[in-house]
Amino acid sequence: MKKLKRVFTYLFLSVAAIVSIFPFLWMLVSMTNKSVDVTAGRLIPGTHFIQNLNNLLDQTQIGTALWNSFLIAVITTVLTLLIGSLAGYGFEIYRSKGKDIVFNILILSMMIPFAAIMIPLYRLFGQISADAPLIGLDTLAAAFLPTIITAFFIFFFRQNTKMFARELVEAGRIDGLSEWGIFFRIYMPTMKTTYAAAAIIAFMNSWNNYLWPLVVLQSPEKQTIPLLISNLGAGYTPDYGVIMTAIVIATLPTALVFFLMQRHFVAGMMGSVKG
């Protein structure tokens, strides 16, 4: 009976794995075929990868788009980790009568969809453009400033900080470290798995962000990789071979980041659940 149960378990997991992996395999195969073969659902690798890649390089500024996405994602990730961990650390370590009220308000803000605040944000950056053009509309700064911190990351770091030993804070104070020294020299190295998990989430969210950059970035040289892929599919006769090639290239950075840091990601997420 146990062997039969194990067989069904592995069979179910195998089917689930095939269903999960199939879209990625189809995407890899499609980037080697012509557009007509992609629309026909061909599942056999072709010989048009080089041609699709050359067409992509000739028709688009994919290098610029990749650089813009990379720059926005890296800056967003660094600022998110710094601000989010500072806020989460402060909410958990320091005592204050009103901190739980403020924290609950932050959590409630997660219920507000981004589409509800998108127009006010756009008007805000439109007004900023006149006085501070470097962070106004059609700048990379405008694309990442509203997304550098969210209530989710504050909640995430606070939950993980519950696993942080308070004795280390007291020991640091006894040794003469300042509060900043305790945070940077004790807290951050101790919570590296939490930072790794948060970094993966922040990087992937920023890299795949489409709606706000679509609204705020207006120049072709400022577009990110999701905007470029969207533009490729917006024509009357889209070349699906070229589109699939662009999607594969756009997927590689996030896949690389995740596979390099997946062990830390699992450890950080488990720490959040236990907290």
# chains A, B, ... in the order shown; residues from 1 in each chain; ligands from 1
call {"tool": "residues_around", "arguments": {"residues": "region 13-23 of chain A", "least_positions_apart": "6", "cutoff": "12 Å", "atoms": "only C-alpha atoms", "output": "list in words"}}
result
Arg6, Val7, Val29, Ser30, Gly41, Leu43, Met244, Ile247 and Val248 of chain A
call {"tool": "write_last_selection", "arguments": {"atoms": "C-alpha atoms", "output": "compact mmCIF listing (two decimals), in the first residue's frame"}}
result
# COMPACT_ATOMS: atom_id res chain seq x y z
CA ARG A 6 4.54 6.54 -3.31
CA VAL A 7 4.06 5.68 -6.99
CA VAL A 29 11.83 26.07 -28.97
CA SER A 30 9.80 28.95 -30.40
CA GLY A 41 2.36 25.37 -32.43
CA LEU A 43 7.32 21.83 -30.86
CA MET A 244 10.13 34.77 -28.03
CA ILE A 247 11.36 37.08 -23.81
CA VAL A 248 14.09 34.48 -23.32
call {"tool": "residues_around", "arguments": {"residues": "region 152-159 of chain A", "least_positions_apart": "3", "cutoff": "10 Å", "atoms": "only C-alpha atoms", "output": "VMD selection string"}}
result
chain A and resid 80 to 81 83 to 93 103 to 104 106 to 107 109 to 110 148 to 149 162 to 164 191 194 to 195 197 to 198 201 to 202 268 to 269 271 to 275
call {"tool": "write_last_selection", "arguments": {"atoms": "C-alpha atoms", "output": "JSON list (two decimals), in the first residue's frame"}}
result
[["chain", "number", "residue", "atom", "x", "y", "z"],
["A", 80, "THR", "CA", 14.35, 48.57, -0.79],
["A", 81, "LEU", "CA", 16.66, 46.41, 1.31],
["A", 83, "ILE", "CA", 14.84, 51.23, 3.90],
["A", 84, "GLY", "CA", 12.75, 48.11, 4.46],
["A", 85, "SER", "CA", 15.23, 46.56, 6.89],
["A", 86, "LEU", "CA", 15.65, 49.83, 8.78],
["A", 87, "ALA", "CA", 11.89, 50.15, 9.17],
["A", 88, "GLY", "CA", 11.35, 46.50, 10.10],
["A", 89, "TYR", "CA", 14.24, 46.59, 12.57],
["A", 90, "GLY", "CA", 12.92, 49.77, 14.16],
["A", 91, "PHE", "CA", 9.37, 48.48, 14.48],
["A", 92, "GLU", "CA", 10.53, 45.29, 16.20],
["A", 93, "ILE", "CA", 13.49, 46.40, 18.34],
["A", 103, "PHE", "CA", 2.38, 49.46, 11.54],
["A", 104, "ASN", "CA", -1.27, 48.46, 11.23],
["A", 106, "LEU", "CA", 1.01, 50.37, 6.82],
["A", 107, "ILE", "CA", -0.46, 46.88, 6.57],
["A", 109, "SER", "CA", -2.17, 50.25, 2.81],
["A", 110, "MET", "CA", -1.44, 46.90, 1.14],
["A", 148, "ILE", "CA", 11.58, 51.47, -3.58],
["A", 149, "ILE", "CA", 9.61, 50.51, -0.47],
["A", 162, "LYS", "CA", 11.52, 38.44, 15.53],
["A", 163, "MET", "CA", 14.10, 35.66, 15.04],
["A", 164, "PHE", "CA", 16.98, 38.09, 15.72],
["A", 191, "MET", "CA", 20.13, 38.47, 8.73],
["A", 194, "THR", "CA", 16.49, 37.51, 4.94],
["A", 195, "TYR", "CA", 18.27, 40.09, 2.78],
["A", 197, "ALA", "CA", 15.14, 36.51, -0.02],
["A", 198, "ALA", "CA", 14.04, 40.14, -0.07],
["A", 201, "ILE", "CA", 11.63, 39.46, -4.62],
["A", 202, "ALA", "CA", 12.53, 43.14, -5.05],
["A", 268, "GLY", "CA", 14.74, 33.63, 4.45],
["A", 269, "MET", "CA", 11.14, 32.76, 3.60],
["A", 271, "GLY", "CA", 12.38, 32.46, 8.80],
["A", 272, "SER", "CA", 9.52, 34.79, 7.94],
["A", 273, "VAL", "CA", 6.95, 32.03, 8.35],
["A", 274, "LYS", "CA", 8.38, 30.89, 11.67],
["A", 275, "GLY", "CA", 8.43, 34.50, 12.92]]
call {"tool": "closest_residue", "arguments": {"among": "A:Lys222, A:Arg166, A:Lys192, A:Lys97", "to": "Ala141 (chain A)", "atoms": "only C-alpha atoms"}}
result
A:Lys222
call {"tool": "residues_around", "arguments": {"residues": "Thr60 (chain A)", "least_positions_apart": "6", "cutoff": "12 Å", "atoms": "only C-alpha atoms", "output": "list of chain:residue names"}}
result
A:Asn52, A:Leu53, A:Asn54, A:Leu66, A:Pro220, A:Glu221, A:Gln223, A:Thr224, A:Ile225, A:Leu227, A:Leu228, A:Ile229, A:Ser230, A:Asn231, A:Leu232, A:Val242, A:Ile243, A:Ala246
call {"tool": "write_last_selection", "arguments": {"atoms": "N, CA and C atoms", "output": "mmCIF file, in the first residue's frame"}}
result
data_model
loop_
_atom_site.group_PDB
_atom_site.id
_atom_site.type_symbol
_atom_site.label_atom_id
_atom_site.label_comp_id
_atom_site.auth_asym_id
_atom_site.auth_seq_id
_atom_site.Cartn_x
_atom_site.Cartn_y
_atom_site.Cartn_z
ATOM 1 N N ASN A 52 16.356 35.342 -36.000
ATOM 2 C CA ASN A 52 15.486 36.035 -35.041
ATOM 3 C C ASN A 52 16.282 36.995 -34.172
ATOM 4 N N LEU A 53 17.471 36.567 -33.748
ATOM 5 C CA LEU A 53 18.315 37.423 -32.916
ATOM 6 C C LEU A 53 18.776 38.650 -33.693
ATOM 7 N N ASN A 54 19.173 38.457 -34.944
ATOM 8 C CA ASN A 54 19.600 39.598 -35.768
ATOM 9 C C ASN A 54 18.446 40.566 -36.008
ATOM 10 N N LEU A 66 17.652 46.711 -21.817
ATOM 11 C CA LEU A 66 18.201 45.834 -20.773
ATOM 12 C C LEU A 66 18.973 46.651 -19.740
ATOM 13 N N PRO A 220 11.624 56.639 -26.300
ATOM 14 C CA PRO A 220 12.035 55.277 -26.680
ATOM 15 C C PRO A 220 13.352 54.844 -26.031
ATOM 16 N N GLU A 221 14.267 55.787 -25.832
ATOM 17 C CA GLU A 221 15.557 55.427 -25.232
ATOM 18 C C GLU A 221 15.460 55.197 -23.733
ATOM 19 N N GLN A 223 12.858 53.309 -22.423
ATOM 20 C CA GLN A 223 11.982 52.169 -22.192
ATOM 21 C C GLN A 223 12.725 51.001 -21.550
ATOM 22 N N THR A 224 11.999 50.219 -20.771
ATOM 23 C CA THR A 224 12.541 49.033 -20.119
ATOM 24 C C THR A 224 12.223 47.801 -20.964
ATOM 25 N N ILE A 225 12.742 46.662 -20.557
ATOM 26 C CA ILE A 225 12.576 45.452 -21.365
ATOM 27 C C ILE A 225 11.110 45.005 -21.450
ATOM 28 N N LEU A 227 8.509 46.940 -21.608
ATOM 29 C CA LEU A 227 7.906 47.852 -22.582
ATOM 30 C C LEU A 227 8.347 47.498 -23.993
ATOM 31 N N LEU A 228 9.606 47.115 -24.153
ATOM 32 C CA LEU A 228 10.097 46.743 -25.475
ATOM 33 C C LEU A 228 9.370 45.507 -25.996
ATOM 34 N N ILE A 229 9.194 44.510 -25.121
ATOM 35 C CA ILE A 229 8.495 43.287 -25.535
ATOM 36 C C ILE A 229 7.044 43.601 -25.884
ATOM 37 N N SER A 230 6.425 44.474 -25.108
ATOM 38 C CA SER A 230 5.046 44.865 -25.399
ATOM 39 C C SER A 230 4.944 45.557 -26.752
ATOM 40 N N ASN A 231 5.904 46.407 -27.068
ATOM 41 C CA ASN A 231 5.895 47.102 -28.355
ATOM 42 C C ASN A 231 6.089 46.133 -29.519
ATOM 43 N N LEU A 232 6.874 45.069 -29.291
ATOM 44 C CA LEU A 232 7.085 44.085 -30.355
ATOM 45 C C LEU A 232 5.780 43.381 -30.730
ATOM 46 N N VAL A 242 10.821 36.548 -33.065
ATOM 47 C CA VAL A 242 11.584 37.644 -32.468
ATOM 48 C C VAL A 242 11.088 37.926 -31.052
ATOM 49 N N ILE A 243 9.777 37.895 -30.862
ATOM 50 C CA ILE A 243 9.211 38.147 -29.532
ATOM 51 C C ILE A 243 9.688 37.103 -28.533
ATOM 52 N N ALA A 246 13.241 37.745 -27.524
ATOM 53 C CA ALA A 246 13.330 38.843 -26.559
ATOM 54 C C ALA A 246 12.885 38.385 -25.171
#
call {"tool": "closest_residue", "arguments": {"among": "A:Thr139, A:Thr32, A:Gln59, A:Thr150", "to": "Thr245 (chain A)", "atoms": "only C-alpha atoms"}}
result
A:Thr32
call {"tool": "atom_distance", "arguments": {"atom1": "CA of Asp131 (chain A)", "atom2": "CA of Val216 (chain A)"}}
result
16.8 Å
